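A.B. asks: My questions all concern the structure below.
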Amino acid sequence: MTSRLTRRQRRRVSQGIQYAVFVAALVLIGFQADWGRLQNQFAQKDIAEELFPDIITIALRNTVVYTLSGFLFGLLLGLIIALMRLSSVAPYRWVASVYIEIFRGLPALLIFIFVGVAVPLAFPGTQIPGGVYGQVALGLGLVAAAYMAETIRAGIQAVPKGQMEAARSLGFSHARAMVSVIIPQAFRIVIPPLTNELVLLFKDSSLVLFLGVTLNERELTKFGRDLASQTANSTPILVAGLCYLLVTVPLSFVVRRLEASAEKAK
């Protein structure tokens with residue numbers, strides 16, 4: 001009888017079986033889980049209420065500041081590295097390639113340890129401007145720049161070559177044509193992946209806890225861990241996670257819309 005089914009019908013049957021297995025797995029997990037213990041450990045209303053407004057005015061605010069500062073520094077550095085990668089001067093290309101390979105290959109945690117420990121040891125008496133905020137911008141920016149550089153480079157190469165030729169025919173120098181014509185078009189092309197990088201940086205800002213921050217410099221993860229230790233309950237960690245979702249879910253939605261718009265434009 002199965003052989004008499006059309007291809008569309010077989011696909012529907014296959015999808016129905018998969019949905020049924022998925023629902024059955026959820027039901028099984030639901031019956032097996034100890035919801036009482038989970039609620040007692042992760043969903044204490046009185047503990048959650050004590051987190052406000054500090055989790056917003058201190059933790060979430062610092063997380064946003066750390067993320068934006070790292071993103072802006074990484075964007076500027078990434079643009080420079082991308083232009084070096086495309087340069088006709090061989091040493092520039094070599095330096096850019098080495099930078100990209102190193103900082104894309106190293107875990108972000110090691111970069112933060114390097115910024116917080118190795119830099120002060122290598123340059124005694126010098127301090128990164130901005131204190132912890134400057135260290136975070138440097139740490140996040142160094143990691144983000146390696147990825148952004150490749151994204152921006154791809155965007156520049158995606159701009160039709162005729163755009164450069166047209167600009168040069170109008171009397172623009174190569175540098176002015178890049179700044180006024182090519183780079184703006186490239187950024188319009190790479191807005192979706194850059195927005196996605198912003199989402200990743202928002203989560204990577206949790207590595208700030210390895211720099212040794214004060215109470216007023218804590219971000220969401222550090223704040224949640226500290227309060228969880230004080231209350232001997234994991235509710236602060238759950239609330240911190242919800243605060244992350246409060247930002248990352250809308251940003252992810254924006255990324256999907258931008259990608260869909262870019263596909264339609266093609």
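Going through the structure tokens in order, the chains are called A, B, and so on, while each chain numbers its residues from 1 and the ligands are numbered from 1 in the order shown.
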Please report as a Markdown table every residue of range 83-164 of chain A lying within 9 Å of range 169-183 of chain A, along with the nearest atom pair and their distance in Å (one decimal), using only C-alpha atoms.
C.D. replies:
| residue | atom | partner | partner_atom | distance |
| --- | --- | --- | --- | --- |
| A:Ile152 | CA | A:Ile183 | CA | 8.6 |
| A:Gly155 | CA | A:Ile183 | CA | 8.3 |
| A:Ile156 | CA | A:Ile183 | CA | 6.4 |
| A:Val159 | CA | A:Ile182 | CA | 6.7 |
| A:Pro160 | CA | A:Ile182 | CA | 8.9 |
| A:Gln163 | CA | A:Ile182 | CA | 7.1 |
| A:Met164 | CA | A:Ala177 | CA | 6.5 |
A.B. asks: Selected residues, N, CA and C atoms, written as an mmCIF file, in the first residue's frame, please.
C.D. replies:
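Below is the file that was written, out_16.cif:
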data_model
loop_
_atom_site.group_PDB
_atom_site.id
_atom_site.type_symbol
_atom_site.label_atom_id
_atom_site.label_comp_id
_atom_site.auth_asym_id
_atom_site.auth_seq_id
_atom_site.Cartn_x
_atom_site.Cartn_y
_atom_site.Cartn_z
ATOM 1 N N ILE A 152 33.874 41.878 6.216
ATOM 2 C CA ILE A 152 33.967 43.138 5.476
ATOM 3 C C ILE A 152 34.708 42.933 4.157
ATOM 4 N N GLY A 155 32.405 41.543 1.758
ATOM 5 C CA GLY A 155 31.466 42.560 1.317
ATOM 6 C C GLY A 155 32.076 43.491 0.286
ATOM 7 N N ILE A 156 33.329 43.893 0.504
ATOM 8 C CA ILE A 156 34.016 44.770 -0.459
ATOM 9 C C ILE A 156 34.175 44.068 -1.798
ATOM 10 N N VAL A 159 31.033 43.978 -4.041
ATOM 11 C CA VAL A 159 30.613 45.184 -4.772
ATOM 12 C C VAL A 159 31.096 45.062 -6.218
ATOM 13 N N PRO A 160 30.223 45.266 -7.188
ATOM 14 C CA PRO A 160 30.635 45.137 -8.603
ATOM 15 C C PRO A 160 31.847 46.007 -8.920
ATOM 16 N N GLN A 163 31.680 49.664 -10.119
ATOM 17 C CA GLN A 163 31.513 50.796 -9.219
ATOM 18 C C GLN A 163 32.831 51.543 -9.031
ATOM 19 N N MET A 164 33.908 50.814 -8.864
ATOM 20 C CA MET A 164 35.222 51.443 -8.737
ATOM 21 C C MET A 164 35.617 52.117 -10.050
#
A.B. asks: Just checking: using only C-alpha atoms, which residue out of A:Ala146, A:Ala167, A:Ile55, A:Val255 ends up closest to Leu194 in chain A?
C.D. replies: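 Closest to Leu194 in chain A, using only C-alpha atoms: A:Val255.
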A.B. asks: Against range 65-82 of chain A, which residues of range 161-262 of chain A fall within 10 Å? For each one I want the closest pair of atoms and the distance in Å (one decimal), counting only C-alpha atoms, rows by chain and increasing residue number, as a Markdown table.
C.D. replies:
| residue | atom | partner | partner_atom | distance |
| --- | --- | --- | --- | --- |
| A:Ile183 | CA | A:Leu79 | CA | 9.2 |
| A:Leu194 | CA | A:Leu75 | CA | 8.7 |
| A:Thr195 | CA | A:Phe71 | CA | 9.8 |
| A:Glu197 | CA | A:Phe71 | CA | 8.2 |
| A:Leu198 | CA | A:Phe71 | CA | 6.5 |
| A:Val199 | CA | A:Thr67 | CA | 8.8 |
| A:Leu200 | CA | A:Thr67 | CA | 9.2 |
| A:Leu201 | CA | A:Thr67 | CA | 5.8 |
| A:Phe202 | CA | A:Thr67 | CA | 5.2 |
| A:Lys203 | CA | A:Thr67 | CA | 8.5 |
| A:Asp204 | CA | A:Thr67 | CA | 8.3 |
| A:Ser205 | CA | A:Thr67 | CA | 6.2 |
| A:Ser206 | CA | A:Tyr66 | CA | 9.5 |
| A:Val208 | CA | A:Tyr66 | CA | 8.7 |
| A:Glu217 | CA | A:Tyr66 | CA | 9.8 |
| A:Glu219 | CA | A:Tyr66 | CA | 8.4 |
A.B. asks: Please extract the residues of range 76-233 of chain A with a backbone DSSP assignment of alpha helix (DSSP H) and present them as a ChimeraX atom specification.
C.D. replies: /A:76-85,90-105,108-113,119-122,132-158,161-169,174-177,183-189,191-204,220-231
A.B. asks: Using only C-alpha atoms, which residues sit within 7 Å of range 230-237 of chain A once same-chain residues fewer than 3 positions away are excluded, as a list in words?
C.D. replies: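 The residues that qualify are Gln41, Phe42, Ala43, Gln44, Ile47, Ala48, Gly224, Arg225, Asp226, Leu227, Ala240 and Gly241 of chain A.
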A.B. asks: Find the distance between CA of Phe223 in chain A and CA of Pro120 in chain A and write it in Å to one decimal.
C.D. replies: 25.7 Å
A.B. asks: Could you tell me which of A:Leu245, A:Val143, A:Val115, A:Ala90 comes closest to Ile128 in chain A if we count only C-alpha atoms?
C.D. replies: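 Of A:Leu245, A:Val143, A:Val115, A:Ala90, the one nearest Ile128 in chain A is A:Val115, counting only C-alpha atoms.
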